[in-house]
$ cat my_file.cif   # mmCIF, C-alpha atoms
data_data
loop_
_atom_site.label_atom_id
_atom_site.label_comp_id
_atom_site.auth_asym_id
_atom_site.auth_seq_id
_atom_site.Cartn_x
_atom_site.Cartn_y
_atom_site.Cartn_z
CA MET A 1 -9.57 -18.25 -1.42
CA PRO A 2 -7.33 -18.11 1.69
CA ILE A 3 -4.63 -15.48 2.30
CA TYR A 4 -2.43 -15.29 -0.83
CA GLN A 5 0.63 -14.27 1.20
CA HIS A 6 1.32 -13.49 4.86
CA ILE A 7 4.65 -11.88 5.73
CA LYS A 8 4.81 -12.31 9.48
CA THR A 9 6.55 -10.02 11.97
CA LEU A 10 8.68 -8.14 9.45
CA ASN A 11 10.35 -5.80 11.95
CA GLU A 12 7.15 -5.67 14.05
CA SER A 13 4.90 -5.43 11.00
CA ASP A 14 2.57 -8.01 9.45
CA ILE A 15 1.52 -7.95 5.79
CA TYR A 16 -1.51 -9.78 4.45
CA ILE A 17 -2.20 -10.08 0.72
CA TRP A 18 -5.49 -11.39 -0.70
CA LYS A 19 -6.09 -12.34 -4.33
CA ILE A 20 -9.65 -11.32 -5.14
CA GLU A 21 -11.40 -14.20 -6.88
CA GLU A 22 -14.76 -13.88 -5.12
CA PRO A 23 -17.79 -11.84 -6.20
CA ALA A 24 -18.97 -8.83 -4.19
CA THR A 25 -21.77 -10.93 -2.68
CA PHE A 26 -19.21 -13.12 -0.89
CA PHE A 27 -17.76 -10.15 1.01
CA LEU A 28 -21.18 -8.65 1.65
CA ASN A 29 -22.28 -11.87 3.33
CA GLU A 30 -19.13 -12.34 5.41
CA VAL A 31 -19.11 -9.01 7.27
CA SER A 32 -21.78 -7.02 9.12
CA TRP A 33 -22.14 -3.86 7.05
CA GLU A 34 -23.93 -0.73 8.19
CA GLU A 35 -26.84 0.53 6.11
CA ARG A 36 -24.99 3.75 5.27
CA GLN A 37 -22.13 1.68 3.83
CA ILE A 38 -24.47 -0.40 1.68
CA ASN A 39 -26.14 2.78 0.37
CA TRP A 40 -22.75 4.34 -0.39
CA LEU A 41 -21.48 1.18 -2.11
CA ASP A 42 -24.43 1.33 -4.50
CA THR A 43 -23.15 4.70 -5.78
CA ILE A 44 -19.59 3.73 -6.76
CA HIS A 45 -18.09 1.83 -9.70
CA PRO A 46 -18.34 -2.00 -9.36
CA ALA A 47 -14.54 -2.41 -9.48
CA LYS A 48 -14.02 0.14 -6.69
CA ARG A 49 -16.85 -1.47 -4.75
CA LEU A 50 -15.16 -4.86 -4.94
CA GLU A 51 -11.80 -3.39 -3.83
CA TYR A 52 -13.42 -1.71 -0.84
CA LEU A 53 -15.38 -4.80 0.19
CA ALA A 54 -12.34 -7.07 -0.15
CA SER A 55 -10.05 -4.79 1.87
CA ARG A 56 -12.55 -4.35 4.70
CA PHE A 57 -13.25 -8.09 4.72
CA LEU A 58 -9.51 -8.75 4.94
CA ILE A 59 -9.13 -6.36 7.89
CA PHE A 60 -12.03 -8.05 9.66
CA HIS A 61 -10.72 -11.52 8.76
CA ILE A 62 -7.24 -10.93 10.21
CA ALA A 63 -7.94 -8.56 13.10
CA GLY A 64 -11.69 -8.50 13.81
CA ILE A 65 -11.75 -4.78 12.99
CA LEU A 66 -14.83 -3.28 11.33
CA ASP A 67 -14.79 -0.30 8.98
CA SER A 68 -16.47 1.78 11.70
CA HIS A 69 -13.22 1.46 13.70
CA LEU A 70 -11.25 3.24 10.97
CA TYR A 71 -10.96 6.89 10.02
CA LYS A 72 -9.04 8.91 7.42
CA ASN A 73 -7.24 12.22 7.68
CA GLU A 74 -7.51 14.88 4.94
CA ALA A 75 -4.70 13.20 2.97
CA GLY A 76 -6.51 9.85 3.02
CA LYS A 77 -4.19 8.20 5.57
CA ILE A 78 -6.12 5.52 7.47
CA TYR A 79 -5.96 5.20 11.26
CA LEU A 80 -7.42 2.82 13.81
CA LYS A 81 -9.64 4.60 16.30
CA SER A 82 -9.06 2.46 19.37
CA LYS A 83 -6.13 0.12 18.69
CA GLN A 84 -2.50 0.78 19.56
CA GLN A 85 -1.53 -0.20 16.03
CA HIS A 86 -0.89 1.44 12.70
CA ILE A 87 -2.56 0.28 9.49
CA SER A 88 -2.06 0.77 5.77
CA ILE A 89 -4.18 -0.57 2.90
CA SER A 90 -3.44 -1.05 -0.80
CA HIS A 91 -5.34 -2.24 -3.88
CA SER A 92 -4.17 -3.07 -7.38
CA SER A 93 -6.04 -5.01 -10.03
CA ASN A 94 -7.29 -8.21 -8.37
CA PHE A 95 -5.14 -7.92 -5.24
CA THR A 96 -5.82 -6.19 -1.96
CA ALA A 97 -3.41 -5.95 0.95
CA VAL A 98 -3.28 -4.78 4.56
CA ALA A 99 -0.26 -4.04 6.74
CA LEU A 100 -0.47 -3.76 10.53
CA SER A 101 2.35 -2.57 12.76
CA LYS A 102 3.34 -1.10 16.10
CA LYS A 103 5.30 1.47 14.09
CA THR A 104 4.26 4.27 11.75
CA ILE A 105 4.01 2.60 8.35
CA GLY A 106 2.88 2.94 4.78
CA PHE A 107 2.31 0.03 2.43
CA ASP A 108 1.77 -0.16 -1.32
CA LEU A 109 1.21 -3.02 -3.76
CA GLN A 110 1.33 -2.54 -7.52
CA CYS A 111 0.42 -4.97 -10.31
CA TYR A 112 2.59 -4.52 -13.38
CA SER A 113 1.43 -2.25 -16.19
CA GLU A 114 3.27 -0.85 -19.21
CA LYS A 115 1.98 2.58 -18.13
CA ILE A 116 4.83 2.73 -15.59
CA PHE A 117 7.30 3.49 -18.42
CA ARG A 118 5.29 6.57 -19.44
CA VAL A 119 4.97 8.05 -15.94
CA ALA A 120 8.37 7.17 -14.44
CA GLN A 121 9.78 10.66 -14.95
CA ARG A 122 6.98 12.11 -12.86
CA PHE A 123 8.03 10.31 -9.69
CA LEU A 124 11.75 9.62 -10.12
CA SER A 125 14.44 12.24 -9.55
CA ARG A 126 17.10 12.68 -12.23
CA HIS A 127 19.59 10.81 -10.05
CA GLU A 128 17.19 7.90 -9.47
CA SER A 129 16.29 7.74 -13.15
CA ALA A 130 19.95 7.67 -14.19
CA ALA A 131 20.75 4.98 -11.62
CA LEU A 132 17.89 2.82 -12.88
CA LYS A 133 18.92 3.03 -16.53
CA SER A 134 21.21 0.00 -16.31
CA PHE A 135 18.37 -2.28 -15.20
CA GLU A 136 15.21 -0.38 -16.10
CA THR A 137 12.45 -2.99 -16.19
CA ILE A 138 8.76 -3.00 -15.46
CA GLN A 139 9.62 -4.66 -12.14
CA SER A 140 12.27 -2.16 -11.06
CA LEU A 141 10.17 0.88 -12.00
CA SER A 142 7.05 -0.54 -10.36
CA CYS A 143 9.00 -1.30 -7.20
CA ALA A 144 10.42 2.23 -7.13
CA TRP A 145 6.85 3.54 -7.39
CA THR A 146 5.67 1.38 -4.48
CA VAL A 147 8.53 2.65 -2.33
CA LYS A 148 7.58 6.28 -2.95
CA GLU A 149 3.88 5.61 -2.49
CA ALA A 150 4.55 3.70 0.75
CA VAL A 151 6.65 6.59 2.10
CA TYR A 152 3.89 9.03 1.15
CA LYS A 153 1.28 6.91 2.93
CA ALA A 154 3.44 6.66 6.03
CA TYR A 155 3.99 10.42 6.10
CA GLY A 156 0.27 11.08 5.67
CA GLN A 157 0.24 14.68 4.44
CA LYS A 158 -0.85 16.24 1.17
CA GLY A 159 1.24 18.24 -1.26
CA ILE A 160 4.31 15.98 -1.51
CA HIS A 161 6.20 15.86 -4.83
CA PHE A 162 7.48 12.33 -5.32
CA ASP A 163 10.36 13.29 -7.63
CA LYS A 164 11.66 16.17 -5.52
CA GLN A 165 10.80 15.36 -1.90
CA ILE A 166 11.09 11.57 -1.61
CA ALA A 167 14.55 10.11 -2.16
CA ILE A 168 15.20 6.37 -2.28
CA ASP A 169 18.10 3.99 -2.76
CA VAL A 170 17.70 2.34 -6.14
CA ILE A 171 16.20 -1.16 -6.06
CA ALA A 172 17.42 -3.84 -8.46
CA PRO A 173 15.01 -6.76 -8.96
CA LYS A 174 16.16 -9.91 -7.17
CA ASP A 175 14.67 -12.77 -5.21
CA GLY A 176 13.46 -12.41 -1.64
CA ILE A 177 12.65 -9.39 0.49
CA GLN A 178 14.97 -6.46 -0.09
CA LYS A 179 15.81 -3.82 2.48
CA THR A 180 16.76 -0.25 1.63
CA ASN A 181 16.25 3.28 2.92
CA ALA A 182 14.35 6.39 1.93
CA ARG A 183 13.80 9.89 3.20
CA LEU A 184 11.12 12.52 2.77
CA ILE A 185 12.02 16.20 2.92
CA ASN A 186 9.34 18.76 3.75
CA ASN A 187 9.88 22.30 5.05
CA GLN A 188 13.60 21.49 5.41
CA ILE A 189 12.81 18.62 7.80
CA GLU A 190 13.93 15.10 6.87
CA THR A 191 11.92 12.05 7.91
CA HIS A 192 13.72 8.74 7.45
CA TYR A 193 12.24 5.35 6.59
CA GLU A 194 13.37 1.76 6.42
CA ILE A 195 12.00 0.10 3.30
CA TYR A 196 11.18 -3.55 2.75
CA SER A 197 10.22 -4.64 -0.78
CA GLN A 198 9.45 -7.84 -2.64
CA ILE A 199 8.98 -8.54 -6.34
CA HIS A 200 6.54 -11.25 -7.47
CA SER A 201 5.68 -12.47 -10.95
CA ASP A 202 2.46 -10.42 -11.13
CA PHE A 203 3.09 -7.58 -8.67
CA CYS A 204 5.50 -5.99 -6.23
CA TRP A 205 5.04 -4.41 -2.81
CA SER A 206 6.90 -2.10 -0.45
CA LEU A 207 6.57 -1.35 3.25
CA ALA A 208 7.91 1.93 4.67
CA GLN A 209 8.56 2.16 8.42
CA GLU A 210 9.41 5.49 9.99
CA VAL A 211 12.78 5.36 11.76
#

$ encode --input "my_file.cif" --output "structure tokens"
Amino acid sequence: MPIYQHIKTLNESDIYIWKIEEPATFFLNEVSWEERQINWLDTIHPAKRLEYLASRFLIFHIAGILDSHLYKNEAGKIYLKSKQQHISISHSSNFTAVALSKKTIGFDLQCYSEKIFRVAQRFLSRHESAALKSFETIQSLSCAWTVKEAVYKAYGQKGIHFDKQIAIDVIAPKDGIQKTNARLINNQIETHYEIYSQIHSDFCWSLAQEV
């Protein structure tokens, strides 16, 4: 299928979302894969294989960038080797997404799952949890998770506690793209982010841009 959603030039960032309806063979035939990648793909779970293939196809489809042009740091943050751009990738269920920007970014997409109610206390601070009580829904909790995950991806370092070190303004579900703010505190240094979020019927997403 074509791009499911394209959010264009959102404060110098572009977001591309693809709904995966194709088999792995489609993506294998659409991109030139190196032999080492094919060998590695044969060793991983079919669902993870499909996510990987779809995300790399999407990057190639929108920007002509091959997987060999990407690298990860020790925290798993993805960088472009030769482009003056920043990139962030997300997968959830049958969706994959890529964000490209001139700014330092992190992007996360999350399909809704009842599991979010069981794990909310692990990533929300007491203040955030109390503020969400009045409109605690699967959408609001999932969106709060994507904000924290997006900030973490933008920061790109290990060892961050979501409940204690990432603080966000509470997001109430509503139509359209919402804008809020967040900050990450590490070693007494605060890094600030502008947050853009959107809630859909099946999923939500958040983009964090370092200020």

$ resolve_selection --input "my_file.cif" --expression "the PyMOL selection byres ((chain A and resi 198-207) around 8)" --output "PyMOL selection string"
chain A and resi 105-112+139+142-143+146-147+150+173-178+195-197+208-209

$ write_last_selection --input "my_file.cif" --atoms "C-alpha atoms" --output "short mmCIF file (atom, residue, chain, number, x, y, z; two decimals), in the coordinates of the input"
data_model
loop_
_atom_site.label_atom_id
_atom_site.label_comp_id
_atom_site.auth_asym_id
_atom_site.auth_seq_id
_atom_site.Cartn_x
_atom_site.Cartn_y
_atom_site.Cartn_z
CA ILE A 105 4.01 2.60 8.35
CA GLY A 106 2.88 2.94 4.78
CA PHE A 107 2.31 0.03 2.43
CA ASP A 108 1.77 -0.16 -1.32
CA LEU A 109 1.21 -3.02 -3.76
CA GLN A 110 1.33 -2.54 -7.52
CA CYS A 111 0.42 -4.97 -10.31
CA TYR A 112 2.59 -4.52 -13.38
CA GLN A 139 9.62 -4.66 -12.14
CA SER A 142 7.05 -0.54 -10.36
CA CYS A 143 9.00 -1.30 -7.20
CA THR A 146 5.67 1.38 -4.48
CA VAL A 147 8.53 2.65 -2.33
CA ALA A 150 4.55 3.70 0.75
CA PRO A 173 15.01 -6.76 -8.96
CA LYS A 174 16.16 -9.91 -7.17
CA ASP A 175 14.67 -12.77 -5.21
CA GLY A 176 13.46 -12.41 -1.64
CA ILE A 177 12.65 -9.39 0.49
CA GLN A 178 14.97 -6.46 -0.09
CA ILE A 195 12.00 0.10 3.30
CA TYR A 196 11.18 -3.55 2.75
CA SER A 197 10.22 -4.64 -0.78
CA ALA A 208 7.91 1.93 4.67
CA GLN A 209 8.56 2.16 8.42
#

$ resolve_selection --input "my_file.cif" --expression "the PyMOL selection byres ((chain A and resi 81-90) around 7)" --output "ChimeraX atom specification"
/A:69-71,78-80,91-92,96-109

$ closest_residue --input "my_file.cif" --among "A:His192, A:Arg126, A:Lys19, A:His61" --to "Tyr4 (chain A)" --atoms "all atoms listed in the file"
A:Lys19

$ atom_distance --input "my_file.cif" --atom1 "CA of Gln157 (chain A)" --atom2 "CA of Ala75 (chain A)"
5.4 Å

$ closest_residue --input "my_file.cif" --among "A:Val31, A:Ile138, A:Val211, A:Ala47" --to "Tyr155 (chain A)" --atoms "all atoms listed in the file"
A:Val211

$ resolve_selection --input "my_file.cif" --expression "the PyMOL selection byres ((chain A and resi 18) around 10)" --output "MDAnalysis selection string"
chainID A and resid 1:6 16:17 19:21 54:55 58 91 94:98

$ axis_aligned_box --input "my_file.cif" --around "region 182-186 of chain A" --padding-each-side "6 Å" --output "JSON"
{"center_x": 11.8, "center_y": 12.6, "center_z": 2.8, "size_x": 17.0, "size_y": 24.4, "size_z": 13.8}

$ atom_distance --input "my_file.cif" --atom1 "CA of Thr9 (chain A)" --atom2 "CA of Gly64 (chain A)"
18.4 Å

$ closest_residue --input "my_file.cif" --among "A:Ser32, A:Ile44, A:Ser93, A:Ser140" --to "Ile65 (chain A)" --atoms "all atoms listed in the file"
A:Ser32

$ atom_distance --input "my_file.cif" --atom1 "CA of Ala182 (chain A)" --atom2 "CA of Ala130 (chain A)"
17.1 Å

$ closest_residue --input "my_file.cif" --among "A:Lys153, A:Lys164, A:Lys179, A:Arg118" --to "Asn73 (chain A)" --atoms "only C-alpha atoms"
A:Lys153

$ closest_residue --input "my_file.cif" --among "A:Asn11, A:Asn186, A:Thr137, A:Thr191" --to "Ser113 (chain A)" --atoms "all atoms listed in the file"
A:Thr137

$ closest_residue --input "my_file.cif" --among "A:Asp14, A:Glu74, A:Glu210, A:Glu114" --to "Ala154 (chain A)" --atoms "only C-alpha atoms"
A:Glu210

$ residues_near_point --input "my_file.cif" --point "(6.4, 12.6, -4.7)" --cutoff "8 Å" --atoms "all atoms listed in the file" --output "list of chain:residue names"
A:Phe123, A:Lys148, A:Glu149, A:Tyr152, A:Ile160, A:His161, A:Phe162, A:Asp163, A:Lys164, A:Gln165, A:Ile166

$ decode --input "my_file.cif" --residues "region 139-151 of chain A" --atoms "all heavy atoms" --output "PDB file, in the first residue's frame"
ATOM      1  N   GLN A 139      -5.809   5.741  25.314  1.00  0.00           N
ATOM      2  CA  GLN A 139      -5.188   6.709  24.405  1.00  0.00           C
ATOM      3  C   GLN A 139      -4.256   7.666  25.149  1.00  0.00           C
ATOM      4  O   GLN A 139      -3.137   7.919  24.714  1.00  0.00           O
ATOM      5  CB  GLN A 139      -6.267   7.515  23.657  1.00  0.00           C
ATOM      6  CG  GLN A 139      -7.045   6.721  22.637  1.00  0.00           C
ATOM      7  CD  GLN A 139      -8.232   5.994  23.235  1.00  0.00           C
ATOM      8  OE1 GLN A 139      -8.505   6.105  24.443  1.00  0.00           O
ATOM      9  NE2 GLN A 139      -8.955   5.250  22.415  1.00  0.00           N
ATOM     10  N   SER A 140      -4.713   8.190  26.291  1.00  0.00           N
ATOM     11  CA  SER A 140      -3.887   9.157  27.019  1.00  0.00           C
ATOM     12  C   SER A 140      -2.635   8.509  27.587  1.00  0.00           C
ATOM     13  O   SER A 140      -1.542   9.091  27.553  1.00  0.00           O
ATOM     14  CB  SER A 140      -4.696   9.827  28.137  1.00  0.00           C
ATOM     15  OG  SER A 140      -5.103   8.881  29.111  1.00  0.00           O
ATOM     16  N   LEU A 141      -2.760   7.287  28.116  1.00  0.00           N
ATOM     17  CA  LEU A 141      -1.593   6.596  28.663  1.00  0.00           C
ATOM     18  C   LEU A 141      -0.617   6.207  27.558  1.00  0.00           C
ATOM     19  O   LEU A 141       0.610   6.341  27.716  1.00  0.00           O
ATOM     20  CB  LEU A 141      -2.022   5.362  29.439  1.00  0.00           C
ATOM     21  CG  LEU A 141      -2.749   5.597  30.763  1.00  0.00           C
ATOM     22  CD1 LEU A 141      -3.199   4.276  31.364  1.00  0.00           C
ATOM     23  CD2 LEU A 141      -1.868   6.369  31.746  1.00  0.00           C
ATOM     24  N   SER A 142      -1.145   5.728  26.442  1.00  0.00           N
ATOM     25  CA  SER A 142      -0.277   5.348  25.318  1.00  0.00           C
ATOM     26  C   SER A 142       0.458   6.564  24.776  1.00  0.00           C
ATOM     27  O   SER A 142       1.640   6.482  24.430  1.00  0.00           O
ATOM     28  CB  SER A 142      -1.098   4.687  24.212  1.00  0.00           C
ATOM     29  OG  SER A 142      -1.720   3.511  24.662  1.00  0.00           O
ATOM     30  N   CYS A 143      -0.243   7.687  24.707  1.00  0.00           N
ATOM     31  CA  CYS A 143       0.390   8.910  24.207  1.00  0.00           C
ATOM     32  C   CYS A 143       1.488   9.380  25.166  1.00  0.00           C
ATOM     33  O   CYS A 143       2.563   9.805  24.726  1.00  0.00           O
ATOM     34  CB  CYS A 143      -0.656   9.994  24.015  1.00  0.00           C
ATOM     35  SG  CYS A 143      -0.089  11.354  22.965  1.00  0.00           S
ATOM     36  N   ALA A 144       1.222   9.286  26.465  1.00  0.00           N
ATOM     37  CA  ALA A 144       2.255   9.651  27.446  1.00  0.00           C
ATOM     38  C   ALA A 144       3.490   8.769  27.281  1.00  0.00           C
ATOM     39  O   ALA A 144       4.628   9.238  27.367  1.00  0.00           O
ATOM     40  CB  ALA A 144       1.701   9.537  28.859  1.00  0.00           C
ATOM     41  N   TRP A 145       3.265   7.480  27.023  1.00  0.00           N
ATOM     42  CA  TRP A 145       4.396   6.574  26.789  1.00  0.00           C
ATOM     43  C   TRP A 145       5.191   6.998  25.551  1.00  0.00           C
ATOM     44  O   TRP A 145       6.422   7.024  25.587  1.00  0.00           O
ATOM     45  CB  TRP A 145       3.903   5.144  26.621  1.00  0.00           C
ATOM     46  CG  TRP A 145       4.971   4.247  26.054  1.00  0.00           C
ATOM     47  CD1 TRP A 145       5.104   3.855  24.745  1.00  0.00           C
ATOM     48  CD2 TRP A 145       6.105   3.715  26.747  1.00  0.00           C
ATOM     49  NE1 TRP A 145       6.238   3.082  24.586  1.00  0.00           N
ATOM     50  CE2 TRP A 145       6.869   2.987  25.802  1.00  0.00           C
ATOM     51  CE3 TRP A 145       6.539   3.769  28.069  1.00  0.00           C
ATOM     52  CZ2 TRP A 145       8.040   2.327  26.145  1.00  0.00           C
ATOM     53  CZ3 TRP A 145       7.704   3.106  28.406  1.00  0.00           C
ATOM     54  CH2 TRP A 145       8.450   2.396  27.462  1.00  0.00           C
ATOM     55  N   THR A 146       4.496   7.327  24.462  1.00  0.00           N
ATOM     56  CA  THR A 146       5.223   7.702  23.240  1.00  0.00           C
ATOM     57  C   THR A 146       6.030   8.974  23.443  1.00  0.00           C
ATOM     58  O   THR A 146       7.111   9.117  22.870  1.00  0.00           O
ATOM     59  CB  THR A 146       4.277   7.879  22.034  1.00  0.00           C
ATOM     60  OG1 THR A 146       3.363   8.948  22.267  1.00  0.00           O
ATOM     61  CG2 THR A 146       3.523   6.596  21.722  1.00  0.00           C
ATOM     62  N   VAL A 147       5.514   9.893  24.249  1.00  0.00           N
ATOM     63  CA  VAL A 147       6.274  11.113  24.539  1.00  0.00           C
ATOM     64  C   VAL A 147       7.589  10.759  25.233  1.00  0.00           C
ATOM     65  O   VAL A 147       8.669  11.219  24.843  1.00  0.00           O
ATOM     66  CB  VAL A 147       5.459  12.089  25.408  1.00  0.00           C
ATOM     67  CG1 VAL A 147       6.348  13.253  25.864  1.00  0.00           C
ATOM     68  CG2 VAL A 147       4.260  12.628  24.642  1.00  0.00           C
ATOM     69  N   LYS A 148       7.506   9.937  26.267  1.00  0.00           N
ATOM     70  CA  LYS A 148       8.714   9.576  27.024  1.00  0.00           C
ATOM     71  C   LYS A 148       9.687   8.779  26.163  1.00  0.00           C
ATOM     72  O   LYS A 148      10.909   8.997  26.208  1.00  0.00           O
ATOM     73  CB  LYS A 148       8.328   8.814  28.283  1.00  0.00           C
ATOM     74  CG  LYS A 148       7.487   9.645  29.245  1.00  0.00           C
ATOM     75  CD  LYS A 148       7.874   9.472  30.671  1.00  0.00           C
ATOM     76  CE  LYS A 148       7.162  10.462  31.578  1.00  0.00           C
ATOM     77  NZ  LYS A 148       7.588  10.389  32.979  1.00  0.00           N
ATOM     78  N   GLU A 149       9.168   7.860  25.375  1.00  0.00           N
ATOM     79  CA  GLU A 149      10.023   7.067  24.504  1.00  0.00           C
ATOM     80  C   GLU A 149      10.672   7.948  23.435  1.00  0.00           C
ATOM     81  O   GLU A 149      11.853   7.766  23.098  1.00  0.00           O
ATOM     82  CB  GLU A 149       9.204   5.953  23.856  1.00  0.00           C
ATOM     83  CG  GLU A 149       9.994   5.027  22.957  1.00  0.00           C
ATOM     84  CD  GLU A 149      10.964   4.118  23.702  1.00  0.00           C
ATOM     85  OE1 GLU A 149      10.858   3.997  24.943  1.00  0.00           O
ATOM     86  OE2 GLU A 149      11.837   3.527  23.052  1.00  0.00           O
ATOM     87  N   ALA A 150       9.937   8.910  22.895  1.00  0.00           N
ATOM     88  CA  ALA A 150      10.487   9.819  21.891  1.00  0.00           C
ATOM     89  C   ALA A 150      11.607  10.677  22.481  1.00  0.00           C
ATOM     90  O   ALA A 150      12.642  10.901  21.841  1.00  0.00           O
ATOM     91  CB  ALA A 150       9.383  10.701  21.314  1.00  0.00           C
ATOM     92  N   VAL A 151      11.401  11.169  23.705  1.00  0.00           N
ATOM     93  CA  VAL A 151      12.443  11.953  24.384  1.00  0.00           C
ATOM     94  C   VAL A 151      13.683  11.093  24.604  1.00  0.00           C
ATOM     95  O   VAL A 151      14.824  11.536  24.366  1.00  0.00           O
ATOM     96  CB  VAL A 151      11.913  12.519  25.715  1.00  0.00           C
ATOM     97  CG1 VAL A 151      13.057  13.076  26.558  1.00  0.00           C
ATOM     98  CG2 VAL A 151      10.866  13.592  25.456  1.00  0.00           C
TER      99      VAL A 151
END
